[in-house]
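Enquirer: The structure is given below, and queries will be raised subsequently.
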Amino acid sequence: MKFNVYEVYTQNPKTREGGWNIHFIGAPSREALETMPLFDEIILCQAKGIELDDLEGYTVWNGHEFLNFHHDLAQELMVAGF
């Protein structure tokens with residue numbers, strides 16, 4: 001499976017307000033990314049057609065589960081109860 005790297009806004013993990021933080025997330029498509037917990041909106045697509053092995057250090061969401069975590073988003077998800 002190939003992934004795109006998106007720059008996205010996430011929601012505040014406590015209040016769910018949008019535009020709270022910016023993360024770079026690998027996902028197979030915009031539609032898959034929109035199902036990610038704490039997702040708010042896409043800022044832009046940074047890269048396309050990247051292999052999972054080349055996304056070390058990025059958070060990667062396949063539309064159903066996280067395949068990799070960057071520590072910043074992992075902390076936010078824990079605070080949010082995911």
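By convention in this document, the chains of the structure tokens carry letters A, B, ... by their order, each chain's residues are numbered from 1, and ligands are numbered from 1 in the order they are shown.
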Quick one: pick out all strand (DSSP E) residues within chain A from a backbone DSSP run and write them as a PDB file with N, CA, C and O atoms, in the first residue's frame.

Expert:
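Saved to result14.pdb:
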```
ATOM      1  N   LYS A   2       0.564   2.191  -0.827  1.00  0.00           N
ATOM      2  CA  LYS A   2       1.280   3.466  -0.890  1.00  0.00           C
ATOM      3  C   LYS A   2       0.549   4.494  -0.039  1.00  0.00           C
ATOM      4  O   LYS A   2      -0.668   4.429   0.141  1.00  0.00           O
ATOM      5  N   PHE A   3       1.318   5.441   0.485  1.00  0.00           N
ATOM      6  CA  PHE A   3       0.765   6.470   1.356  1.00  0.00           C
ATOM      7  C   PHE A   3       1.129   7.851   0.843  1.00  0.00           C
ATOM      8  O   PHE A   3       2.151   8.033   0.180  1.00  0.00           O
ATOM      9  N   ASN A   4       0.283   8.791   1.178  1.00  0.00           N
ATOM     10  CA  ASN A   4       0.565  10.207   0.944  1.00  0.00           C
ATOM     11  C   ASN A   4       0.874  10.832   2.297  1.00  0.00           C
ATOM     12  O   ASN A   4       0.385  10.365   3.324  1.00  0.00           O
ATOM     13  N   VAL A   5       1.657  11.880   2.293  1.00  0.00           N
ATOM     14  CA  VAL A   5       1.954  12.596   3.531  1.00  0.00           C
ATOM     15  C   VAL A   5       1.181  13.909   3.503  1.00  0.00           C
ATOM     16  O   VAL A   5       1.346  14.712   2.569  1.00  0.00           O
ATOM     17  N   TYR A   6       0.341  14.089   4.511  1.00  0.00           N
ATOM     18  CA  TYR A   6      -0.503  15.275   4.613  1.00  0.00           C
ATOM     19  C   TYR A   6      -0.095  16.117   5.812  1.00  0.00           C
ATOM     20  O   TYR A   6       0.246  15.581   6.863  1.00  0.00           O
ATOM     21  N   GLU A   7      -0.165  17.416   5.641  1.00  0.00           N
ATOM     22  CA  GLU A   7      -0.040  18.350   6.762  1.00  0.00           C
ATOM     23  C   GLU A   7      -1.467  18.625   7.212  1.00  0.00           C
ATOM     24  O   GLU A   7      -2.302  19.050   6.396  1.00  0.00           O
ATOM     25  N   VAL A   8      -1.772  18.332   8.472  1.00  0.00           N
ATOM     26  CA  VAL A   8      -3.151  18.443   8.944  1.00  0.00           C
ATOM     27  C   VAL A   8      -3.237  19.198  10.268  1.00  0.00           C
ATOM     28  O   VAL A   8      -2.295  19.216  11.054  1.00  0.00           O
ATOM     29  N   TYR A   9      -4.391  19.805  10.473  1.00  0.00           N
ATOM     30  CA  TYR A   9      -4.748  20.323  11.793  1.00  0.00           C
ATOM     31  C   TYR A   9      -5.447  19.203  12.544  1.00  0.00           C
ATOM     32  O   TYR A   9      -6.245  18.457  11.963  1.00  0.00           O
ATOM     33  N   THR A  10      -5.165  19.107  13.828  1.00  0.00           N
ATOM     34  CA  THR A  10      -5.887  18.178  14.687  1.00  0.00           C
ATOM     35  C   THR A  10      -6.738  18.970  15.676  1.00  0.00           C
ATOM     36  O   THR A  10      -6.563  20.178  15.843  1.00  0.00           O
ATOM     37  N   ASN A  21      -3.494  21.858  16.607  1.00  0.00           N
ATOM     38  CA  ASN A  21      -2.090  21.515  16.414  1.00  0.00           C
ATOM     39  C   ASN A  21      -1.898  21.059  14.971  1.00  0.00           C
ATOM     40  O   ASN A  21      -2.842  20.624  14.314  1.00  0.00           O
ATOM     41  N   ILE A  22      -0.667  21.124  14.490  1.00  0.00           N
ATOM     42  CA  ILE A  22      -0.343  20.686  13.135  1.00  0.00           C
ATOM     43  C   ILE A  22       0.520  19.431  13.223  1.00  0.00           C
ATOM     44  O   ILE A  22       1.472  19.374  14.002  1.00  0.00           O
ATOM     45  N   HIS A  23       0.163  18.420  12.415  1.00  0.00           N
ATOM     46  CA  HIS A  23       0.923  17.172  12.342  1.00  0.00           C
ATOM     47  C   HIS A  23       1.086  16.773  10.885  1.00  0.00           C
ATOM     48  O   HIS A  23       0.272  17.133  10.033  1.00  0.00           O
ATOM     49  N   PHE A  24       2.120  16.000  10.619  1.00  0.00           N
ATOM     50  CA  PHE A  24       2.332  15.403   9.307  1.00  0.00           C
ATOM     51  C   PHE A  24       1.966  13.928   9.429  1.00  0.00           C
ATOM     52  O   PHE A  24       2.559  13.200  10.217  1.00  0.00           O
ATOM     53  N   ILE A  25       0.950  13.515   8.656  1.00  0.00           N
ATOM     54  CA  ILE A  25       0.368  12.183   8.786  1.00  0.00           C
ATOM     55  C   ILE A  25       0.441  11.469   7.444  1.00  0.00           C
ATOM     56  O   ILE A  25       0.075  12.033   6.412  1.00  0.00           O
ATOM     57  N   GLY A  26       0.871  10.210   7.469  1.00  0.00           N
ATOM     58  CA  GLY A  26       0.809   9.370   6.286  1.00  0.00           C
ATOM     59  C   GLY A  26      -0.530   8.666   6.245  1.00  0.00           C
ATOM     60  O   GLY A  26      -0.984   8.126   7.258  1.00  0.00           O
ATOM     61  N   ALA A  27      -1.184   8.688   5.084  1.00  0.00           N
ATOM     62  CA  ALA A  27      -2.469   8.014   4.905  1.00  0.00           C
ATOM     63  C   ALA A  27      -2.610   7.645   3.429  1.00  0.00           C
ATOM     64  O   ALA A  27      -2.058   8.337   2.567  1.00  0.00           O
ATOM     65  N   PHE A  39      -8.770  14.163  13.927  1.00  0.00           N
ATOM     66  CA  PHE A  39      -8.597  14.858  12.654  1.00  0.00           C
ATOM     67  C   PHE A  39      -9.488  16.094  12.626  1.00  0.00           C
ATOM     68  O   PHE A  39     -10.644  16.057  13.026  1.00  0.00           O
ATOM     69  N   ASP A  40      -8.941  17.209  12.112  1.00  0.00           N
ATOM     70  CA  ASP A  40      -9.744  18.414  11.916  1.00  0.00           C
ATOM     71  C   ASP A  40      -9.828  18.751  10.427  1.00  0.00           C
ATOM     72  O   ASP A  40     -10.889  18.674   9.843  1.00  0.00           O
ATOM     73  N   GLU A  41      -8.690  19.105   9.794  1.00  0.00           N
ATOM     74  CA  GLU A  41      -8.722  19.398   8.367  1.00  0.00           C
ATOM     75  C   GLU A  41      -7.338  19.278   7.756  1.00  0.00           C
ATOM     76  O   GLU A  41      -6.327  19.404   8.438  1.00  0.00           O
ATOM     77  N   ILE A  42      -7.327  19.044   6.459  1.00  0.00           N
ATOM     78  CA  ILE A  42      -6.075  18.943   5.714  1.00  0.00           C
ATOM     79  C   ILE A  42      -5.626  20.341   5.338  1.00  0.00           C
ATOM     80  O   ILE A  42      -6.411  21.140   4.822  1.00  0.00           O
ATOM     81  N   ILE A  43      -4.362  20.632   5.584  1.00  0.00           N
ATOM     82  CA  ILE A  43      -3.772  21.888   5.145  1.00  0.00           C
ATOM     83  C   ILE A  43      -3.279  21.708   3.715  1.00  0.00           C
ATOM     84  O   ILE A  43      -3.616  22.487   2.834  1.00  0.00           O
ATOM     85  N   LEU A  44      -2.454  20.674   3.476  1.00  0.00           N
ATOM     86  CA  LEU A  44      -2.013  20.342   2.126  1.00  0.00           C
ATOM     87  C   LEU A  44      -1.374  18.970   2.088  1.00  0.00           C
ATOM     88  O   LEU A  44      -1.052  18.389   3.112  1.00  0.00           O
ATOM     89  N   CYS A  45      -1.237  18.453   0.878  1.00  0.00           N
ATOM     90  CA  CYS A  45      -0.579  17.167   0.663  1.00  0.00           C
ATOM     91  C   CYS A  45       0.888  17.454   0.369  1.00  0.00           C
ATOM     92  O   CYS A  45       1.207  18.162  -0.583  1.00  0.00           O
ATOM     93  N   GLN A  46       1.787  16.896   1.175  1.00  0.00           N
ATOM     94  CA  GLN A  46       3.222  17.154   1.051  1.00  0.00           C
ATOM     95  C   GLN A  46       3.899  16.222   0.055  1.00  0.00           C
ATOM     96  O   GLN A  46       4.863  16.606  -0.590  1.00  0.00           O
ATOM     97  N   ALA A  47       3.460  14.962  -0.018  1.00  0.00           N
ATOM     98  CA  ALA A  47       4.100  13.974  -0.882  1.00  0.00           C
ATOM     99  C   ALA A  47       3.103  12.863  -1.201  1.00  0.00           C
ATOM    100  O   ALA A  47       2.173  12.633  -0.443  1.00  0.00           O
ATOM    101  N   LYS A  48       3.324  12.176  -2.328  1.00  0.00           N
ATOM    102  CA  LYS A  48       2.427  11.092  -2.746  1.00  0.00           C
ATOM    103  C   LYS A  48       3.220   9.846  -3.080  1.00  0.00           C
ATOM    104  O   LYS A  48       4.372   9.926  -3.512  1.00  0.00           O
ATOM    105  N   GLY A  49       2.574   8.685  -2.885  1.00  0.00           N
ATOM    106  CA  GLY A  49       3.137   7.416  -3.307  1.00  0.00           C
ATOM    107  C   GLY A  49       4.329   6.945  -2.503  1.00  0.00           C
ATOM    108  O   GLY A  49       5.244   6.336  -3.047  1.00  0.00           O
ATOM    109  N   ILE A  50       4.309   7.145  -1.198  1.00  0.00           N
ATOM    110  CA  ILE A  50       5.412   6.779  -0.320  1.00  0.00           C
ATOM    111  C   ILE A  50       5.158   5.391   0.275  1.00  0.00           C
ATOM    112  O   ILE A  50       4.041   5.081   0.693  1.00  0.00           O
ATOM    113  N   GLU A  51       6.183   4.572   0.333  1.00  0.00           N
ATOM    114  CA  GLU A  51       6.084   3.249   0.962  1.00  0.00           C
ATOM    115  C   GLU A  51       6.091   3.394   2.488  1.00  0.00           C
ATOM    116  O   GLU A  51       6.732   4.306   3.031  1.00  0.00           O
ATOM    117  N   THR A  59       3.496   9.666  11.907  1.00  0.00           N
ATOM    118  CA  THR A  59       2.281   8.945  12.257  1.00  0.00           C
ATOM    119  C   THR A  59       1.665   8.473  10.955  1.00  0.00           C
ATOM    120  O   THR A  59       1.576   9.247   9.991  1.00  0.00           O
ATOM    121  N   VAL A  60       1.243   7.205  10.909  1.00  0.00           N
ATOM    122  CA  VAL A  60       0.615   6.654   9.714  1.00  0.00           C
ATOM    123  C   VAL A  60      -0.725   6.039  10.109  1.00  0.00           C
ATOM    124  O   VAL A  60      -0.801   5.208  11.014  1.00  0.00           O
ATOM    125  N   TRP A  61      -1.772   6.457   9.434  1.00  0.00           N
ATOM    126  CA  TRP A  61      -3.142   5.988   9.652  1.00  0.00           C
ATOM    127  C   TRP A  61      -3.624   5.356   8.353  1.00  0.00           C
ATOM    128  O   TRP A  61      -3.585   5.998   7.304  1.00  0.00           O
ATOM    129  N   PHE A  66      -3.721   2.858  13.422  1.00  0.00           N
ATOM    130  CA  PHE A  66      -2.420   3.490  13.303  1.00  0.00           C
ATOM    131  C   PHE A  66      -1.368   2.420  13.053  1.00  0.00           C
ATOM    132  O   PHE A  66      -1.325   1.410  13.748  1.00  0.00           O
ATOM    133  N   LEU A  67      -0.512   2.659  12.072  1.00  0.00           N
ATOM    134  CA  LEU A  67       0.580   1.740  11.762  1.00  0.00           C
ATOM    135  C   LEU A  67       1.894   2.234  12.353  1.00  0.00           C
ATOM    136  O   LEU A  67       2.772   1.434  12.627  1.00  0.00           O
ATOM    137  N   ASN A  68       2.031   3.523  12.523  1.00  0.00           N
ATOM    138  CA  ASN A  68       3.187   4.170  13.168  1.00  0.00           C
ATOM    139  C   ASN A  68       2.655   5.344  13.972  1.00  0.00           C
ATOM    140  O   ASN A  68       1.628   5.918  13.641  1.00  0.00           O
TER     141      ASN A  68
END
```

Enquirer: Excluding same-chain residues fewer than 5 positions from Asn12 (chain A), what lies within 10 Å of it counting only C-alpha atoms, as a list in words?

Expert: Glu17, Gly18, Gly19, Trp20, Asn21, Leu38, Phe39, Asp40, Glu76, Leu77, Val79 and Ala80 of chain A

Enquirer: Dump C-alpha atoms for the selected residues as a compact mmCIF listing (two decimals), in the first residue's frame?

Expert:
```txt
# COMPACT_ATOMS: atom_id res chain seq x y z
CA GLU A 17 -11.81 22.49 19.17
CA GLY A 18 -10.35 22.44 15.67
CA GLY A 19 -7.14 24.01 14.42
CA TRP A 20 -5.34 23.13 17.61
CA ASN A 21 -2.09 21.51 16.41
CA LEU A 38 -8.70 14.00 16.38
CA PHE A 39 -8.60 14.86 12.65
CA ASP A 40 -9.74 18.41 11.92
CA GLU A 76 -2.61 13.86 22.31
CA LEU A 77 -4.49 10.61 21.60
CA VAL A 79 -5.11 12.61 26.63
CA ALA A 80 -8.23 12.26 24.44
```

Enquirer: Can you check which residues of chain A DSSP gives as alpha helix (DSSP H) on the backbone and send them as a ChimeraX atom specification?

Expert: /A:30-33,71-80

Enquirer: May I have the residues from that selection written out with N, CA and C atoms, as a compact mmCIF listing (two decimals), in the first residue's frame?

Expert:
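Output saved as out37.txt:
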```txt
# COMPACT_ATOMS: atom_id res chain seq x y z
N ARG A 30 -7.16 10.98 1.15
CA ARG A 30 -7.81 12.02 1.95
C ARG A 30 -8.98 11.43 2.73
N GLU A 31 -9.73 10.55 2.06
CA GLU A 31 -10.91 9.95 2.70
C GLU A 31 -10.52 9.11 3.90
N ALA A 32 -9.44 8.35 3.78
CA ALA A 32 -8.96 7.54 4.91
C ALA A 32 -8.51 8.46 6.05
N LEU A 33 -7.80 9.51 5.72
CA LEU A 33 -7.29 10.43 6.73
C LEU A 33 -8.42 11.08 7.52
N HIS A 71 5.56 10.63 18.49
CA HIS A 71 5.27 10.77 19.93
C HIS A 71 4.33 11.93 20.25
N ASP A 72 4.37 13.03 19.49
CA ASP A 72 3.49 14.16 19.78
C ASP A 72 2.01 13.80 19.64
N LEU A 73 1.66 13.16 18.55
CA LEU A 73 0.26 12.78 18.35
C LEU A 73 -0.13 11.66 19.31
N ALA A 74 0.78 10.76 19.60
CA ALA A 74 0.47 9.68 20.55
C ALA A 74 0.05 10.26 21.90
N GLN A 75 0.75 11.29 22.36
CA GLN A 75 0.39 11.93 23.63
C GLN A 75 -1.00 12.54 23.56
N GLU A 76 -1.30 13.24 22.46
CA GLU A 76 -2.61 13.86 22.31
C GLU A 76 -3.72 12.80 22.31
N LEU A 77 -3.49 11.68 21.63
CA LEU A 77 -4.49 10.61 21.60
C LEU A 77 -4.71 10.02 22.98
N MET A 78 -3.66 9.87 23.76
CA MET A 78 -3.80 9.34 25.12
C MET A 78 -4.62 10.32 25.99
N VAL A 79 -4.35 11.60 25.87
CA VAL A 79 -5.11 12.61 26.63
C VAL A 79 -6.59 12.55 26.24
N ALA A 80 -6.85 12.32 24.95
CA ALA A 80 -8.23 12.26 24.44
C ALA A 80 -8.93 10.95 24.79
```

Enquirer: Mind giving me the straight-line distance from CA of Phe82 (chain A) to CA of Glu65 (chain A) in Å, one decimal?

Expert: 11.2 Å
